[in-house]
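What follows is the content of upload28.tsv (TSV, C-alpha atoms).
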chain	number	residue	atom	x	y	z
A	1	MET	CA	0.00	0.00	0.00
A	2	SER	CA	1.36	3.44	-0.90
A	3	LEU	CA	1.82	6.08	1.76
A	4	ASN	CA	-1.03	8.12	0.30
A	5	GLU	CA	-3.37	5.14	0.40
A	6	GLU	CA	-2.30	4.52	3.97
A	7	VAL	CA	-3.09	8.13	4.92
A	8	GLU	CA	-6.49	7.91	3.17
A	9	LEU	CA	-7.26	4.80	5.17
A	10	LEU	CA	-6.33	6.49	8.46
A	11	ARG	CA	-8.44	9.55	7.60
A	12	LYS	CA	-11.53	7.38	7.46
A	13	ILE	CA	-11.10	6.42	11.11
A	14	PRO	CA	-13.26	8.90	13.08
A	15	LEU	CA	-10.61	9.13	15.82
A	16	PHE	CA	-8.25	10.69	13.28
A	17	ALA	CA	-10.83	12.66	11.29
A	18	ASN	CA	-9.57	16.07	12.35
A	19	ILE	CA	-5.86	15.37	12.13
A	20	GLU	CA	-3.90	16.94	9.25
A	21	PRO	CA	-2.64	14.55	6.54
A	22	ALA	CA	0.99	15.49	7.25
A	23	LYS	CA	0.60	14.27	10.82
A	24	LEU	CA	-1.21	11.15	9.69
A	25	LYS	CA	1.85	10.31	7.58
A	26	LEU	CA	3.91	10.42	10.74
A	27	LEU	CA	1.38	8.15	12.42
A	28	ALA	CA	1.50	5.72	9.48
A	29	PHE	CA	5.29	5.59	9.83
A	30	THR	CA	5.45	5.20	13.60
A	31	SER	CA	2.61	2.78	14.30
A	32	GLU	CA	2.71	-0.91	13.60
A	33	ARG	CA	0.21	-2.65	11.31
A	34	LEU	CA	-0.71	-6.17	12.43
A	35	ARG	CA	-2.94	-8.96	11.12
A	36	PHE	CA	-4.70	-11.51	13.31
A	37	ALA	CA	-6.51	-14.68	12.31
A	38	ALA	CA	-9.92	-15.48	13.85
A	39	ASN	CA	-9.51	-16.81	17.41
A	40	GLN	CA	-6.06	-15.27	17.84
A	41	GLU	CA	-5.62	-13.10	20.93
A	42	LEU	CA	-4.67	-9.44	20.59
A	43	CYS	CA	-3.91	-9.35	24.30
A	44	HIS	CA	-4.51	-11.56	27.32
A	45	GLN	CA	-6.10	-10.70	30.68
A	46	GLY	CA	-3.46	-10.33	33.39
A	47	ASP	CA	-0.56	-9.56	31.02
A	48	MET	CA	1.18	-6.22	31.25
A	49	GLY	CA	-0.06	-3.87	28.53
A	50	ASP	CA	2.25	-1.63	26.56
A	51	ALA	CA	0.03	-0.84	23.56
A	52	ALA	CA	-3.50	0.01	22.42
A	53	PHE	CA	-5.07	-1.21	19.17
A	54	ILE	CA	-7.15	0.63	16.61
A	55	ILE	CA	-9.24	-1.72	14.51
A	56	ILE	CA	-8.88	-1.16	10.77
A	57	GLU	CA	-10.78	-4.26	9.66
A	58	GLY	CA	-12.69	-7.05	11.42
A	59	SER	CA	-14.02	-7.40	14.94
A	60	ALA	CA	-13.07	-8.88	18.30
A	61	GLU	CA	-14.68	-10.11	21.49
A	62	ILE	CA	-13.78	-8.78	24.93
A	63	VAL	CA	-13.72	-11.68	27.35
A	64	VAL	CA	-13.25	-11.56	31.11
A	65	SER	CA	-12.27	-14.62	33.06
A	66	THR	CA	-14.15	-15.02	36.37
A	67	PRO	CA	-14.22	-17.79	38.99
A	68	ASN	CA	-17.37	-18.98	37.19
A	69	GLY	CA	-15.79	-19.18	33.76
A	70	ASP	CA	-15.20	-16.79	30.88
A	71	ILE	CA	-17.77	-14.07	30.23
A	72	LYS	CA	-17.99	-12.14	26.97
A	73	VAL	CA	-18.55	-8.56	28.09
A	74	SER	CA	-18.41	-6.65	24.84
A	75	GLU	CA	-17.43	-6.53	21.17
A	76	VAL	CA	-15.25	-4.10	19.28
A	77	HIS	CA	-15.48	-3.34	15.58
A	78	LYS	CA	-13.86	-1.43	12.77
A	79	ASN	CA	-12.62	2.03	13.88
A	80	ASP	CA	-12.87	1.20	17.58
A	81	ILE	CA	-9.94	1.58	19.95
A	82	VAL	CA	-9.24	-1.17	22.46
A	83	GLY	CA	-6.58	-1.85	25.07
A	84	GLU	CA	-6.13	1.74	26.16
A	85	ILE	CA	-7.09	1.08	29.81
A	86	ALA	CA	-3.90	-0.83	30.60
A	87	ILE	CA	-1.72	1.95	29.22
A	88	LEU	CA	-3.73	4.73	30.85
A	89	CYS	CA	-3.87	3.11	34.29
A	90	ASP	CA	-0.61	1.11	34.40
A	91	VAL	CA	-2.56	-1.99	35.35
A	92	PRO	CA	-2.38	-5.48	33.80
A	93	ARG	CA	-4.81	-6.17	30.93
A	94	THR	CA	-8.32	-6.14	32.43
A	95	ALA	CA	-9.69	-8.48	29.74
A	96	THR	CA	-8.68	-10.77	26.91
A	97	VAL	CA	-9.32	-9.48	23.39
A	98	VAL	CA	-9.91	-12.31	20.89
A	99	ALA	CA	-10.29	-11.84	17.15
A	100	ALA	CA	-13.82	-12.89	16.09
A	101	THR	CA	-12.89	-12.61	12.42
A	102	GLU	CA	-9.71	-12.04	10.50
A	103	MET	CA	-8.45	-8.65	11.64
A	104	GLU	CA	-6.18	-5.82	10.69
A	105	VAL	CA	-5.16	-3.47	13.49
A	106	LEU	CA	-2.92	-0.53	14.14
A	107	LYS	CA	-0.78	-1.17	17.21
A	108	ILE	CA	-0.12	2.09	19.06
A	109	SER	CA	2.66	1.96	21.64
A	110	LYS	CA	2.14	3.64	25.01
A	111	GLU	CA	4.62	6.36	24.10
A	112	LEU	CA	2.94	7.07	20.74
A	113	PHE	CA	-0.50	7.05	22.40
A	114	PHE	CA	0.48	9.78	24.87
A	115	ARG	CA	2.24	11.77	22.15
A	116	MET	CA	-0.88	11.58	19.98
A	117	VAL	CA	-3.41	12.62	22.63
A	118	SER	CA	-1.15	15.53	23.60
A	119	GLU	CA	-0.77	16.70	20.02
A	120	PHE	CA	-4.32	16.05	18.90
A	121	PRO	CA	-6.77	17.19	21.58
A	122	GLN	CA	-9.68	16.14	19.37
A	123	MET	CA	-8.47	12.57	19.64
A	124	ALA	CA	-8.30	12.90	23.42
A	125	VAL	CA	-11.90	14.14	23.45
A	126	GLU	CA	-13.03	11.19	21.33
A	127	ILE	CA	-11.30	8.71	23.62
A	128	MET	CA	-12.77	10.37	26.73
A	129	ARG	CA	-16.19	10.17	25.12
A	130	GLU	CA	-15.73	6.48	24.32
A	131	LEU	CA	-14.58	5.72	27.89
A	132	ALA	CA	-17.52	7.69	29.29
A	133	TYR	CA	-19.99	5.74	27.12
A	134	ARG	CA	-18.51	2.42	28.21
A	135	LEU	CA	-18.58	3.52	31.85
A	136	GLU	CA	-22.22	4.51	31.56
A	137	LYS	CA	-23.09	1.19	29.93
A	138	THR	CA	-21.16	-0.88	32.48
A	139	THR	CA	-22.67	1.05	35.38
A	140	SER	CA	-26.21	0.42	34.16
A	141	GLN	CA	-25.41	-3.29	33.68
A	142	LEU	CA	-24.03	-3.36	37.22
A	143	MET	CA	-27.15	-1.67	38.59
A	144	LYS	CA	-29.31	-4.23	36.81
A	145	ALA	CA	-27.20	-7.14	38.13
A	146	VAL	CA	-27.22	-5.75	41.68
A	147	GLY	CA	-30.96	-5.12	41.46
A	148	GLN	CA	-31.57	-8.74	40.38
A	149	ALA	CA	-29.36	-10.15	43.12
A	150	ARG	CA	-31.40	-8.49	45.87
B	1	MET	CA	-10.10	35.73	48.16
B	2	SER	CA	-7.54	37.53	46.01
B	3	LEU	CA	-6.86	36.38	42.46
B	4	ASN	CA	-3.41	35.13	43.47
B	5	GLU	CA	-4.86	33.09	46.31
B	6	GLU	CA	-7.44	31.69	43.91
B	7	VAL	CA	-4.70	30.66	41.45
B	8	GLU	CA	-2.68	29.07	44.28
B	9	LEU	CA	-5.75	27.06	45.25
B	10	LEU	CA	-6.30	25.85	41.69
B	11	ARG	CA	-2.64	24.88	41.31
B	12	LYS	CA	-3.01	22.44	44.20
B	13	ILE	CA	-5.63	20.47	42.24
B	14	PRO	CA	-3.70	17.69	40.43
B	15	LEU	CA	-5.85	18.11	37.30
B	16	PHE	CA	-4.42	21.62	36.90
B	17	ALA	CA	-0.90	20.91	38.16
B	18	ASN	CA	0.79	21.42	34.79
B	19	ILE	CA	-1.19	24.43	33.66
B	20	GLU	CA	0.56	27.81	33.63
B	21	PRO	CA	-0.58	30.35	36.27
B	22	ALA	CA	-1.66	32.81	33.54
B	23	LYS	CA	-4.12	30.27	32.18
B	24	LEU	CA	-5.30	29.38	35.67
B	25	LYS	CA	-6.23	33.05	36.12
B	26	LEU	CA	-8.46	32.73	33.09
B	27	LEU	CA	-9.99	29.60	34.58
B	28	ALA	CA	-10.60	31.37	37.89
B	29	PHE	CA	-12.41	34.13	36.00
B	30	THR	CA	-14.53	31.93	33.76
B	31	SER	CA	-15.58	29.13	36.10
B	32	GLU	CA	-18.22	29.47	38.76
B	33	ARG	CA	-17.50	28.81	42.45
B	34	LEU	CA	-20.44	27.25	44.32
B	35	ARG	CA	-21.11	26.12	47.88
B	36	PHE	CA	-23.40	23.28	48.87
B	37	ALA	CA	-24.69	22.32	52.31
B	38	ALA	CA	-24.64	18.65	53.37
B	39	ASN	CA	-27.51	16.70	51.71
B	40	GLN	CA	-27.90	19.24	48.92
B	41	GLU	CA	-27.79	17.80	45.40
B	42	LEU	CA	-25.14	18.93	42.92
B	43	CYS	CA	-27.08	17.24	40.14
B	44	HIS	CA	-29.96	14.79	39.85
B	45	GLN	CA	-30.18	11.52	37.89
B	46	GLY	CA	-32.20	11.95	34.70
B	47	ASP	CA	-31.70	15.72	34.43
B	48	MET	CA	-29.88	17.12	31.43
B	49	GLY	CA	-26.28	17.93	32.32
B	50	ASP	CA	-24.55	21.07	31.15
B	51	ALA	CA	-21.63	21.22	33.58
B	52	ALA	CA	-19.00	19.21	35.41
B	53	PHE	CA	-17.83	19.90	38.96
B	54	ILE	CA	-14.35	19.92	40.44
B	55	ILE	CA	-14.40	19.47	44.20
B	56	ILE	CA	-12.38	22.06	46.07
B	57	GLU	CA	-13.54	21.11	49.56
B	58	GLY	CA	-15.76	18.38	51.03
B	59	SER	CA	-17.09	15.15	49.60
B	60	ALA	CA	-20.21	13.76	47.93
B	61	GLU	CA	-21.98	10.48	47.37
B	62	ILE	CA	-22.88	9.13	43.95
B	63	VAL	CA	-26.30	7.54	44.16
B	64	VAL	CA	-28.10	5.59	41.45
B	65	SER	CA	-31.82	5.01	41.64
B	66	THR	CA	-32.89	1.47	40.63
B	67	PRO	CA	-36.24	-0.34	40.70
B	68	ASN	CA	-35.02	-1.79	44.02
B	69	GLY	CA	-34.27	1.57	45.61
B	70	ASP	CA	-31.31	3.94	45.72
B	71	ILE	CA	-27.82	2.45	45.65
B	72	LYS	CA	-24.71	4.39	46.66
B	73	VAL	CA	-22.19	3.44	44.00
B	74	SER	CA	-19.25	5.65	44.84
B	75	GLU	CA	-17.87	8.68	46.66
B	76	VAL	CA	-16.00	11.69	45.37
B	77	HIS	CA	-13.61	13.82	47.37
B	78	LYS	CA	-11.47	16.91	47.26
B	79	ASN	CA	-9.76	17.37	43.85
B	80	ASP	CA	-12.01	14.86	42.08
B	81	ILE	CA	-14.00	15.73	39.01
B	82	VAL	CA	-17.61	14.59	38.76
B	83	GLY	CA	-20.44	15.03	36.27
B	84	GLU	CA	-18.28	14.90	33.14
B	85	ILE	CA	-20.08	11.86	31.68
B	86	ALA	CA	-23.26	13.79	30.88
B	87	ILE	CA	-21.34	16.50	29.05
B	88	LEU	CA	-19.07	14.04	27.21
B	89	CYS	CA	-21.88	11.74	26.06
B	90	ASP	CA	-24.82	14.14	25.75
B	91	VAL	CA	-26.92	11.86	27.93
B	92	PRO	CA	-29.02	12.80	30.97
B	93	ARG	CA	-27.26	12.60	34.36
B	94	THR	CA	-26.48	8.93	35.02
B	95	ALA	CA	-26.53	9.39	38.80
B	96	THR	CA	-27.44	11.82	41.55
B	97	VAL	CA	-24.55	13.55	43.31
B	98	VAL	CA	-25.40	14.48	46.92
B	99	ALA	CA	-23.14	16.51	49.20
B	100	ALA	CA	-22.02	14.33	52.14
B	101	THR	CA	-20.49	17.33	53.89
B	102	GLU	CA	-20.47	21.05	53.33
B	103	MET	CA	-18.83	21.49	49.91
B	104	GLU	CA	-17.11	24.02	47.75
B	105	VAL	CA	-16.96	23.20	44.04
B	106	LEU	CA	-15.86	24.73	40.77
B	107	LYS	CA	-18.65	24.49	38.22
B	108	ILE	CA	-17.21	24.02	34.72
B	109	SER	CA	-19.64	24.61	31.87
B	110	LYS	CA	-19.65	22.21	28.94
B	111	GLU	CA	-18.10	24.87	26.69
B	112	LEU	CA	-15.32	25.63	29.19
B	113	PHE	CA	-14.69	21.91	29.72
B	114	PHE	CA	-14.07	21.31	26.01
B	115	ARG	CA	-11.97	24.47	25.70
B	116	MET	CA	-9.85	23.33	28.65
B	117	VAL	CA	-9.21	19.77	27.48
B	118	SER	CA	-8.30	21.10	24.03
B	119	GLU	CA	-5.90	23.67	25.41
B	120	PHE	CA	-4.43	21.52	28.16
B	121	PRO	CA	-3.76	18.00	26.88
B	122	GLN	CA	-2.35	17.03	30.27
B	123	MET	CA	-5.79	17.64	31.76
B	124	ALA	CA	-7.34	15.47	29.05
B	125	VAL	CA	-4.89	12.68	29.92
B	126	GLU	CA	-5.76	12.95	33.63
B	127	ILE	CA	-9.49	12.77	32.89
B	128	MET	CA	-9.01	9.79	30.55
B	129	ARG	CA	-7.02	8.08	33.27
B	130	GLU	CA	-9.75	8.74	35.84
B	131	LEU	CA	-12.46	7.41	33.50
B	132	ALA	CA	-10.35	4.33	32.73
B	133	TYR	CA	-9.86	3.64	36.47
B	134	ARG	CA	-13.58	3.95	37.12
B	135	LEU	CA	-14.37	1.71	34.16
B	136	GLU	CA	-11.95	-0.92	35.40
B	137	LYS	CA	-13.45	-0.78	38.90
B	138	THR	CA	-17.04	-0.92	37.65
B	139	THR	CA	-16.24	-3.81	35.29
B	140	SER	CA	-14.72	-5.87	38.09
B	141	GLN	CA	-17.74	-5.13	40.33
B	142	LEU	CA	-19.99	-6.23	37.48
B	143	MET	CA	-18.01	-9.47	37.00
B	144	LYS	CA	-18.31	-10.18	40.70
B	145	ALA	CA	-22.07	-9.49	40.69
B	146	VAL	CA	-22.62	-11.62	37.58
B	147	GLY	CA	-20.46	-14.39	39.04
B	148	GLN	CA	-22.52	-14.40	42.25
B	149	ALA	CA	-25.80	-14.43	40.36
B	150	ARG	CA	-24.91	-17.64	38.49
Full structure transcribed into structure tokens:
Amino acid sequence: MSLNEEVELLRKIPLFANIEPAKLKLLAFTSERLRFAANQELCHQGDMGDAAFIIIEGSAEIVVSTPNGDIKVSEVHKNDIVGEIAILCDVPRTATVVAATEMEVLKISKELFFRMVSEFPQMAVEIMRELAYRLEKTTSQLMKAVGQAR
Amino acid sequence: MSLNEEVELLRKIPLFANIEPAKLKLLAFTSERLRFAANQELCHQGDMGDAAFIIIEGSAEIVVSTPNGDIKVSEVHKNDIVGEIAILCDVPRTATVVAATEMEVLKISKELFFRMVSEFPQMAVEIMRELAYRLEKTTSQLMKAVGQAR
């Protein structure tokens, strides 16, 4: 893929929508492009996390291991970011991310992630928004579960 | 309180630690300082939210109303930010925030919030980190509740 095609591809990801093409070229150079087969793990619960992933193609399941077995808590799709909690909080991976289909992802190192959110505030706002949505969703699931347990 | 005292106070809040004093003066001018008595509500679940609150003094309880009654889900203390989910996600308030003690807070309008995170990426990183911590905590509570219910 040519560099221009690469930049065009990145521009279609909403997280990068407001970033100038020149800076997207830098991103294309400094991030790592990876492919996963279905059922391969992008990261494993409990491991130390040093990168986040932006999904270019395909989808994955978020699975949490509990004393009662594995529970699928969520799915991530094209254009979603996943794995940013471990690099934001310096905690081990809170879940396992398993490819549900063949996948293509952009692996963003911790260092690059912090450089990007500092340089592109719009990206920081989008990530905050995504985290806030997930928190709202998880909280309402928790309230439902607690309500049922009473 | 003099403007310099006000700026000194803001500098002690970790969220603002890396922001230059000149910009903190602007913040002191444009944000609203409010006091709440114990048991007063800062915001109410279901209402539309147009502001976040940074706690300068005191603490509050986060209460969610469920079909089985009110559940206290968390507490917020001095230096914490609360109420940012409604302005990030454009959803009604997801919980009621009730003063547990006498409180002093900085009310940050939605417009000011977005201006601040754009201008001060370090603040955006701190808020992302806080949201990621809360998400991790809520997810593990949910896993525990789901595990117990099985």
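Note that the spacing between atom CA of Ala28 of chain A and atom CA of Glu126 of chain A amounts to 19.5 Å.
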Task: At most 8 Å to chain B: residues in chain A, all atoms listed in the file, as a ChimeraX atom specification - done: /A:64,66-68,85,88-89,94,114,117-119,121-122,124-125,127-129,131-136,138-139,141-147,149-150
Residues near segment 55-62 of chain B, anyone? I mean within 12 Å using only C-alpha atoms, not counting same-chain ones fewer than 4 positions away, as a PDB file with C-alpha atoms, keeping the file's coordinate frame.
ATOM      1  CA  THR A 139     -22.670   1.050  35.380  1.00  0.00           C
TER       2      THR A 139
ATOM      3  CA  GLU B   6      -7.440  31.690  43.910  1.00  0.00           C
ATOM      4  CA  LEU B   9      -5.750  27.060  45.250  1.00  0.00           C
ATOM      5  CA  LEU B  10      -6.300  25.850  41.690  1.00  0.00           C
ATOM      6  CA  ARG B  11      -2.640  24.880  41.310  1.00  0.00           C
ATOM      7  CA  LYS B  12      -3.010  22.440  44.200  1.00  0.00           C
ATOM      8  CA  ILE B  13      -5.630  20.470  42.240  1.00  0.00           C
ATOM      9  CA  PRO B  14      -3.700  17.690  40.430  1.00  0.00           C
ATOM     10  CA  LEU B  15      -5.850  18.110  37.300  1.00  0.00           C
ATOM     11  CA  GLU B  32     -18.220  29.470  38.760  1.00  0.00           C
ATOM     12  CA  ARG B  33     -17.500  28.810  42.450  1.00  0.00           C
ATOM     13  CA  LEU B  34     -20.440  27.250  44.320  1.00  0.00           C
ATOM     14  CA  ARG B  35     -21.110  26.120  47.880  1.00  0.00           C
ATOM     15  CA  PHE B  36     -23.400  23.280  48.870  1.00  0.00           C
ATOM     16  CA  ALA B  37     -24.690  22.320  52.310  1.00  0.00           C
ATOM     17  CA  ALA B  38     -24.640  18.650  53.370  1.00  0.00           C
ATOM     18  CA  ASN B  39     -27.510  16.700  51.710  1.00  0.00           C
ATOM     19  CA  GLN B  40     -27.900  19.240  48.920  1.00  0.00           C
ATOM     20  CA  GLU B  41     -27.790  17.800  45.400  1.00  0.00           C
ATOM     21  CA  LEU B  42     -25.140  18.930  42.920  1.00  0.00           C
ATOM     22  CA  CYS B  43     -27.080  17.240  40.140  1.00  0.00           C
ATOM     23  CA  HIS B  44     -29.960  14.790  39.850  1.00  0.00           C
ATOM     24  CA  GLN B  45     -30.180  11.520  37.890  1.00  0.00           C
ATOM     25  CA  ASP B  70     -31.310   3.940  45.720  1.00  0.00           C
ATOM     26  CA  ILE B  71     -27.820   2.450  45.650  1.00  0.00           C
ATOM     27  CA  LYS B  72     -24.710   4.390  46.660  1.00  0.00           C
ATOM     28  CA  VAL B  73     -22.190   3.440  44.000  1.00  0.00           C
ATOM     29  CA  SER B  74     -19.250   5.650  44.840  1.00  0.00           C
ATOM     30  CA  GLU B  75     -17.870   8.680  46.660  1.00  0.00           C
ATOM     31  CA  VAL B  76     -16.000  11.690  45.370  1.00  0.00           C
ATOM     32  CA  HIS B  77     -13.610  13.820  47.370  1.00  0.00           C
ATOM     33  CA  LYS B  78     -11.470  16.910  47.260  1.00  0.00           C
ATOM     34  CA  ASN B  79      -9.760  17.370  43.850  1.00  0.00           C
ATOM     35  CA  ASP B  80     -12.010  14.860  42.080  1.00  0.00           C
ATOM     36  CA  ILE B  81     -14.000  15.730  39.010  1.00  0.00           C
ATOM     37  CA  VAL B  82     -17.610  14.590  38.760  1.00  0.00           C
ATOM     38  CA  GLY B  83     -20.440  15.030  36.270  1.00  0.00           C
ATOM     39  CA  ARG B  93     -27.260  12.600  34.360  1.00  0.00           C
ATOM     40  CA  THR B  94     -26.480   8.930  35.020  1.00  0.00           C
ATOM     41  CA  ALA B  95     -26.530   9.390  38.800  1.00  0.00           C
ATOM     42  CA  THR B  96     -27.440  11.820  41.550  1.00  0.00           C
ATOM     43  CA  VAL B  97     -24.550  13.550  43.310  1.00  0.00           C
ATOM     44  CA  VAL B  98     -25.400  14.480  46.920  1.00  0.00           C
ATOM     45  CA  ALA B  99     -23.140  16.510  49.200  1.00  0.00           C
ATOM     46  CA  ALA B 100     -22.020  14.330  52.140  1.00  0.00           C
ATOM     47  CA  THR B 101     -20.490  17.330  53.890  1.00  0.00           C
ATOM     48  CA  GLU B 102     -20.470  21.050  53.330  1.00  0.00           C
ATOM     49  CA  MET B 103     -18.830  21.490  49.910  1.00  0.00           C
ATOM     50  CA  GLU B 104     -17.110  24.020  47.750  1.00  0.00           C
ATOM     51  CA  VAL B 105     -16.960  23.200  44.040  1.00  0.00           C
ATOM     52  CA  LEU B 106     -15.860  24.730  40.770  1.00  0.00           C
ATOM     53  CA  LYS B 107     -18.650  24.490  38.220  1.00  0.00           C
ATOM     54  CA  ILE B 108     -17.210  24.020  34.720  1.00  0.00           C
TER      55      ILE B 108
END
One decimal place gives the atom CA of Lys110 of chain A-atom CA of Ala17 of chain A separation as 20.9 Å
Between atom CA of Asp50 of chain A and atom CA of Leu24 of chain A lies a distance of 21.4 Å
